[in-house]
Amino acid sequence: MSLYNNVLADIEDKAYKKKNNIIDGIPFPFDRYRPYVPVIEKGVYVGMLGSSGVGKSTFTRYLYIYSVVMFAMKHNYPVKILYFALEDSKEKIMKKIICHYLYERHRVQLSFHDMN
């Protein structure tokens, strides 16, 4: 098969899935931006850049961990998340995920510092 035929088959497959409401990717969690970024794409590397202290890590965790896991649990959608944090340890990230989970599921508001 030629490259053109492969690409055309992929486009037709995605159009079919969209028309029949078949989940093909994790929807971007912010409704206003979905026309520009409809789904979180598999296999795409994303670098988050910005000044110190503006919330890059918090935003990235929400976008690529919390919202993805919640979607996967709600729709029984298989996911595998590879998250490379340059500044935070894996223990610190897991504690922040636990804090978020406690709030989302049980409305228990506990900060990372209080947990420590």
# chains A, B, ... in the order shown; residues from 1 in each chain; ligands from 1
>>> residues_around(residues="region 46-57 of chain A", least_positions_apart="2", cutoff="10 Å", atoms="only C-alpha atoms", output="number ranges by chain")
A: 43-44, 59-64, 85-88, 93
>>> closest_atom_pairs(of="region 72-111 of chain A", to="region 22-38 of chain A", cutoff="9 Å", atoms="only C-alpha atoms", output="tab-separated table")
residue	atom	partner	partner_atom	distance
A:Ala72	CA	A:Ile26	CA	8.2
A:His75	CA	A:Ile23	CA	9.0
A:Tyr77	CA	A:Ile23	CA	8.7
>>> select_by_dssp(residues="chain A", states="strand (DSSP E)", output="list of chain:residue names")
A:Ile26, A:Pro27, A:Val39, A:Ile40
>>> closest_residue(among="A:Met73, A:Val79, A:Ile65, A:Val7", to="Lys42 (chain A)", atoms="only C-alpha atoms")
A:Val79
>>> residues_around(residues="Leu110 (chain A)", least_positions_apart="3", cutoff="10 Å", atoms="only C-alpha atoms", output="list in words")
Lys96, Ile98, Cys99, His100, Leu102, Tyr103, Arg107, His113, Asp114 and Met115 of chain A
>>> select_by_dssp(residues="region 21-116 of chain A", states="helix (DSSP H, G or I)", output="PyMOL selection string")
chain A and resi 31-33+56-75+90-106+112-115
>>> write_last_selection(atoms="N, CA and C atoms", output="tab-separated table (two decimals), in the first residue's frame")
chain	number	residue	atom	x	y	z
A	31	ASP	N	-13.05	22.59	27.48
A	31	ASP	CA	-14.02	22.69	26.38
A	31	ASP	C	-13.69	23.81	25.39
A	32	ARG	N	-13.29	24.96	25.88
A	32	ARG	CA	-13.04	26.10	25.00
A	32	ARG	C	-11.89	25.88	24.03
A	33	TYR	N	-10.97	24.98	24.38
A	33	TYR	CA	-9.80	24.73	23.54
A	33	TYR	C	-9.95	23.50	22.65
A	56	LYS	N	3.48	25.46	35.92
A	56	LYS	CA	3.68	24.51	34.83
A	56	LYS	C	3.46	23.07	35.29
A	57	SER	N	4.05	22.72	36.42
A	57	SER	CA	3.93	21.34	36.92
A	57	SER	C	2.50	21.01	37.30
A	58	THR	N	1.82	21.94	37.96
A	58	THR	CA	0.42	21.72	38.36
A	58	THR	C	-0.46	21.56	37.13
A	59	PHE	N	-0.29	22.43	36.14
A	59	PHE	CA	-1.07	22.36	34.91
A	59	PHE	C	-0.79	21.04	34.18
A	60	THR	N	0.48	20.68	34.08
A	60	THR	CA	0.85	19.46	33.37
A	60	THR	C	0.29	18.22	34.06
A	61	ARG	N	0.37	18.18	35.38
A	61	ARG	CA	-0.21	17.03	36.11
A	61	ARG	C	-1.71	16.96	35.88
A	62	TYR	N	-2.39	18.10	35.93
A	62	TYR	CA	-3.84	18.08	35.71
A	62	TYR	C	-4.16	17.58	34.30
A	63	LEU	N	-3.48	18.15	33.32
A	63	LEU	CA	-3.78	17.85	31.92
A	63	LEU	C	-3.44	16.42	31.53
A	64	TYR	N	-2.26	15.95	31.94
A	64	TYR	CA	-1.79	14.67	31.44
A	64	TYR	C	-1.85	13.52	32.43
A	65	ILE	N	-2.19	13.78	33.67
A	65	ILE	CA	-2.34	12.68	34.63
A	65	ILE	C	-3.76	12.63	35.16
A	66	TYR	N	-4.19	13.66	35.90
A	66	TYR	CA	-5.50	13.62	36.55
A	66	TYR	C	-6.64	13.44	35.55
A	67	SER	N	-6.69	14.29	34.53
A	67	SER	CA	-7.82	14.21	33.59
A	67	SER	C	-7.78	12.92	32.78
A	68	VAL	N	-6.59	12.45	32.45
A	68	VAL	CA	-6.45	11.21	31.68
A	68	VAL	C	-6.90	10.01	32.52
A	69	VAL	N	-6.46	9.95	33.76
A	69	VAL	CA	-6.84	8.82	34.62
A	69	VAL	C	-8.35	8.83	34.89
A	70	MET	N	-8.92	10.01	35.15
A	70	MET	CA	-10.37	10.09	35.40
A	70	MET	C	-11.16	9.64	34.17
A	71	PHE	N	-10.72	10.08	32.98
A	71	PHE	CA	-11.39	9.65	31.74
A	71	PHE	C	-11.27	8.15	31.57
A	72	ALA	N	-10.07	7.61	31.80
A	72	ALA	CA	-9.84	6.18	31.63
A	72	ALA	C	-10.70	5.36	32.58
A	73	MET	N	-10.83	5.82	33.82
A	73	MET	CA	-11.65	5.09	34.79
A	73	MET	C	-13.13	5.17	34.43
A	74	LYS	N	-13.57	6.33	33.98
A	74	LYS	CA	-14.98	6.52	33.66
A	74	LYS	C	-15.40	5.70	32.43
A	75	HIS	N	-14.52	5.58	31.44
A	75	HIS	CA	-14.87	4.94	30.18
A	75	HIS	C	-14.19	3.59	29.97
A	90	LYS	N	9.54	11.28	42.36
A	90	LYS	CA	8.36	10.46	42.12
A	90	LYS	C	7.48	10.38	43.37
A	91	GLU	N	8.09	10.43	44.55
A	91	GLU	CA	7.32	10.40	45.80
A	91	GLU	C	6.49	11.68	45.95
A	92	LYS	N	7.09	12.81	45.64
A	92	LYS	CA	6.37	14.09	45.74
A	92	LYS	C	5.21	14.13	44.75
A	93	ILE	N	5.42	13.66	43.55
A	93	ILE	CA	4.36	13.64	42.55
A	93	ILE	C	3.23	12.71	42.99
A	94	MET	N	3.58	11.54	43.55
A	94	MET	CA	2.54	10.61	44.00
A	94	MET	C	1.74	11.21	45.15
A	95	LYS	N	2.40	11.92	46.05
A	95	LYS	CA	1.67	12.57	47.15
A	95	LYS	C	0.70	13.62	46.62
A	96	LYS	N	1.11	14.36	45.61
A	96	LYS	CA	0.22	15.36	45.02
A	96	LYS	C	-0.95	14.71	44.30
A	97	ILE	N	-0.71	13.57	43.68
A	97	ILE	CA	-1.80	12.83	43.03
A	97	ILE	C	-2.78	12.33	44.09
A	98	ILE	N	-2.27	11.86	45.21
A	98	ILE	CA	-3.14	11.40	46.30
A	98	ILE	C	-3.97	12.56	46.84
A	99	CYS	N	-3.37	13.72	47.01
A	99	CYS	CA	-4.10	14.91	47.48
A	99	CYS	C	-5.23	15.26	46.51
A	100	HIS	N	-4.91	15.23	45.22
A	100	HIS	CA	-5.93	15.53	44.21
A	100	HIS	C	-7.06	14.50	44.24
A	101	TYR	N	-6.69	13.23	44.33
A	101	TYR	CA	-7.67	12.15	44.38
A	101	TYR	C	-8.59	12.31	45.61
A	102	LEU	N	-8.01	12.62	46.76
A	102	LEU	CA	-8.82	12.80	47.97
A	102	LEU	C	-9.84	13.92	47.79
A	103	TYR	N	-9.43	14.98	47.11
A	103	TYR	CA	-10.38	16.08	46.89
A	103	TYR	C	-11.44	15.71	45.86
A	104	GLU	N	-11.03	15.14	44.74
A	104	GLU	CA	-11.97	14.80	43.68
A	104	GLU	C	-12.99	13.76	44.11
A	105	ARG	N	-12.54	12.73	44.81
A	105	ARG	CA	-13.42	11.63	45.17
A	105	ARG	C	-14.16	11.83	46.48
A	106	HIS	N	-13.52	12.49	47.45
A	106	HIS	CA	-14.09	12.56	48.79
A	106	HIS	C	-14.25	13.98	49.33
A	112	PHE	N	-0.37	19.38	49.89
A	112	PHE	CA	0.84	18.56	49.89
A	112	PHE	C	1.65	18.78	51.17
A	113	HIS	N	1.73	20.02	51.61
A	113	HIS	CA	2.51	20.34	52.80
A	113	HIS	C	1.87	19.75	54.08
A	114	ASP	N	0.55	19.76	54.14
A	114	ASP	CA	-0.14	19.15	55.29
A	114	ASP	C	0.07	17.64	55.30
A	115	MET	N	0.07	17.03	54.09
A	115	MET	CA	0.28	15.59	54.02
A	115	MET	C	1.68	15.23	54.49
